[in-house]
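Note: the block below is my_file-v9.tsv and it holds TSV, C-alpha atoms.
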```tsv
chain	number	residue	atom	x	y	z
A	329	MET	CA	11.87	-5.35	-25.99
A	330	LYS	CA	12.79	-2.68	-23.51
A	331	LYS	CA	10.82	-0.46	-21.12
A	332	LEU	CA	7.58	-2.45	-21.40
A	333	SER	CA	6.88	-2.03	-17.70
A	334	GLN	CA	6.14	1.68	-18.15
A	335	PHE	CA	2.95	0.69	-19.97
A	336	LEU	CA	1.61	-1.51	-17.18
A	337	VAL	CA	-0.90	0.15	-14.86
A	338	PHE	CA	-1.79	-1.07	-11.37
A	339	ASP	CA	-5.43	-0.48	-10.38
A	340	TRP	CA	-5.06	0.61	-6.75
A	341	ASN	CA	-8.79	1.23	-6.27
A	342	ALA	CA	-9.69	-2.32	-7.34
A	343	PHE	CA	-6.91	-3.75	-5.15
A	344	ALA	CA	-7.85	-1.74	-2.03
A	345	LYS	CA	-11.63	-2.01	-2.45
A	346	ASP	CA	-12.26	-4.97	-0.12
A	347	LYS	CA	-9.33	-4.47	2.26
A	348	ARG	CA	-8.67	-2.70	5.57
A	349	PHE	CA	-5.24	-1.35	6.46
A	350	LEU	CA	-4.10	-1.11	10.09
A	351	CYS	CA	-1.21	1.20	11.02
A	352	VAL	CA	1.59	-0.72	12.76
A	353	GLY	CA	4.36	1.88	12.57
A	354	GLY	CA	5.81	4.81	10.74
A	355	GLY	CA	8.78	7.01	10.17
A	356	GLU	CA	10.44	9.44	7.84
A	357	TRP	CA	10.24	8.86	4.07
A	358	VAL	CA	13.65	9.66	2.58
A	359	ASP	CA	14.45	9.60	-1.14
A	360	PHE	CA	16.72	6.61	-1.82
A	361	GLU	CA	19.03	8.44	-4.25
A	362	THR	CA	19.16	12.02	-2.97
A	363	LYS	CA	18.63	11.24	0.74
A	364	THR	CA	16.23	14.20	0.96
A	365	HIS	CA	13.12	14.25	3.16
A	366	LYS	CA	9.96	13.51	1.14
A	367	GLY	CA	7.33	12.97	3.85
A	368	THR	CA	6.15	10.12	6.06
A	369	LYS	CA	6.23	6.38	5.57
A	370	ILE	CA	3.24	4.67	7.23
A	371	GLU	CA	3.67	0.92	7.75
A	372	VAL	CA	0.41	-1.04	7.60
A	373	VAL	CA	-0.85	-4.59	7.71
A	374	ILE	CA	-3.86	-5.80	5.74
A	375	THR	CA	-6.33	-7.06	8.36
A	376	THR	CA	-9.26	-7.75	6.05
A	377	ASP	CA	-9.11	-9.05	2.49
A	378	HIS	CA	-12.39	-9.97	0.79
A	379	THR	CA	-11.00	-9.50	-2.72
A	380	PRO	CA	-12.36	-12.04	-5.24
A	381	TYR	CA	-9.04	-13.18	-6.74
A	382	LYS	CA	-8.91	-15.22	-9.96
A	383	LEU	CA	-7.96	-18.72	-8.83
A	384	ARG	CA	-6.54	-21.81	-10.52
A	385	ASP	CA	-6.73	-25.46	-9.55
A	386	GLY	CA	-8.31	-24.92	-6.14
A	387	GLU	CA	-5.65	-22.54	-4.84
A	388	VAL	CA	-6.52	-20.27	-1.93
A	389	VAL	CA	-5.24	-16.69	-2.13
A	390	SER	CA	-5.39	-13.87	0.38
A	391	ASN	CA	-3.19	-10.91	1.23
A	392	ARG	CA	-4.48	-10.84	4.80
A	393	PHE	CA	-1.66	-10.08	7.26
A	394	GLU	CA	0.66	-8.92	4.46
A	395	LYS	CA	2.59	-5.74	5.28
A	396	LEU	CA	3.15	-2.74	3.06
A	397	ALA	CA	4.14	0.91	3.41
A	398	PHE	CA	2.25	4.01	2.33
A	399	LYS	CA	4.69	6.78	1.38
A	400	VAL	CA	2.78	9.98	2.11
A	401	ALA	CA	4.00	13.25	0.59
A	402	ALA	CA	3.35	15.13	3.84
A	403	ASP	CA	4.47	15.09	7.45
A	404	VAL	CA	1.71	13.22	9.29
A	405	ASP	CA	1.45	11.51	12.65
A	406	ILE	CA	-0.77	8.43	12.59
A	407	PRO	CA	-1.19	6.54	15.87
A	408	ILE	CA	-0.52	2.80	15.89
A	409	ASP	CA	-3.63	0.56	15.83
A	410	GLN	CA	-5.62	3.00	13.71
A	411	TYR	CA	-7.21	1.97	10.42
A	412	VAL	CA	-6.08	4.19	7.57
A	413	GLU	CA	-6.89	4.83	3.94
A	414	PRO	CA	-4.43	6.52	1.58
A	415	THR	CA	-5.69	9.17	-0.85
A	416	GLY	CA	-4.31	10.27	-4.22
A	417	VAL	CA	-2.52	6.95	-4.65
A	418	THR	CA	0.04	6.00	-7.28
A	419	ALA	CA	0.96	2.33	-6.96
A	420	LYS	CA	3.50	0.30	-8.89
A	421	VAL	CA	4.28	-3.42	-8.92
A	422	TYR	CA	7.99	-4.23	-8.99
A	423	GLY	CA	10.50	-6.94	-8.16
A	424	ASP	CA	11.93	-9.95	-9.97
A	425	TYR	CA	8.71	-11.88	-9.45
A	426	ARG	CA	6.41	-8.82	-9.72
A	427	ASN	CA	5.29	-9.48	-6.14
A	428	LEU	CA	6.24	-6.19	-4.46
A	429	LEU	CA	4.10	-3.05	-4.31
A	430	SER	CA	5.24	0.57	-4.00
A	431	VAL	CA	2.46	2.89	-2.79
A	432	GLU	CA	2.84	6.68	-2.85
A	433	ALA	CA	-0.04	8.81	-1.56
A	434	GLY	CA	-0.87	12.49	-1.53
A	435	GLY	CA	-2.54	12.10	1.86
A	436	ILE	CA	-3.91	9.63	4.37
A	437	THR	CA	-7.07	9.53	6.47
A	438	VAL	CA	-7.80	7.70	9.71
A	439	GLN	CA	-10.87	5.47	9.45
A	440	PRO	CA	-13.31	4.88	12.31
A	441	LYS	CA	-12.99	1.52	14.04
A	442	LYS	CA	-15.81	-0.90	13.25
A	443	PRO	CA	-17.66	-2.31	16.27
```
Have the structure of the file written as structure tokens, please.
Amino acid sequence: MKKLSQFLVFDWNAFAKDKRFLCVGGGEWVDFETKTHKGTKIEVVITTDHTPYKLRDGEVVSNRFEKLAFKVAADVDIPIDQYVEPTGVTAKVYGDYRNLLSVEAGGITVQPKKP
């Protein structure tokens, strides 16, 4: 069958619920095909992951210290070492092994640092 992936939905809110994202860089978000400016790409690392993953055979799973990029449809300047939370997120899983995540956001907010 063809085009089955268009019916799969990624639950960003459930994924992000027990995580904290720390800004480690950023730059311009450019459309891959048209090379036009689309906004800002914020590079983050997951510093906290308390997600209760479904486990098999005693495996241990965490996405702590994994990197990802938030593609924000606006020109924003987020300082490095600030915790951030994307808003208006559309996320898609892709890749040969379905282990990559594309995250587009309408906006992004800086979170206060926890003591």
For the atom pair atom CA of Arg392 of chain A and atom CA of Lys345 of chain A, what is the interatomic distance in Å to one decimal place?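 Atom CA of Lys345 of chain A lies at a distance of 13.5 Å from atom CA of Arg392 of chain A.
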If you count all atoms listed in the file, the residue of A:Thr415, A:Thr376, A:Asn427, A:Thr368 closest to Ala401 of chain A turns out to be A:Thr368
Work out where the centre of an axis-aligned box around every listed atom of segment 416-421 of chain A lies and how long its edges are once 5 Å is added on each side; give both in Å to one decimal as lines of an AutoDock Vina configuration file.
```
center_x = 0.0
center_y = 3.4
center_z = -6.6
size_x = 18.6
size_y = 23.7
size_z = 14.7
```
Residue with smallest distance to Asp377 of chain A - pool A:Asp359, A:Asp346, A:Asp405, A:Glu394, counting all atoms listed in the file: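 For Asp377 of chain A, the nearest of the candidates is A:Asp346.
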Considering only C-alpha atoms, return as a VMD selection string whatever protein or nucleic-acid residues lie within 12 Å of Lys395 of chain A, sequence-local ones (same chain, fewer than 5 positions apart) excluded. chain A and resid 348 to 353 370 to 375 428 to 431
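Of the listed residues (A:Leu383, A:Val438, A:His365, A:Gln334), A:Val438 comes nearest to Pro407 of chain A; the distances count all atoms listed in the file.
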Long-range neighbours of Pro380 of chain A as a list of chain:residue names, 12 Å cut-off, all atoms listed in the file, 2 positions minimum in chain: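 Residues meeting the cut-off are A:Ala342, A:Phe343, A:Ala344, A:Lys345, A:Asp346, A:Lys347, A:Asp377, A:His378, A:Lys382, A:Leu383, A:Val388, A:Val389, A:Ser390, A:Asn391.
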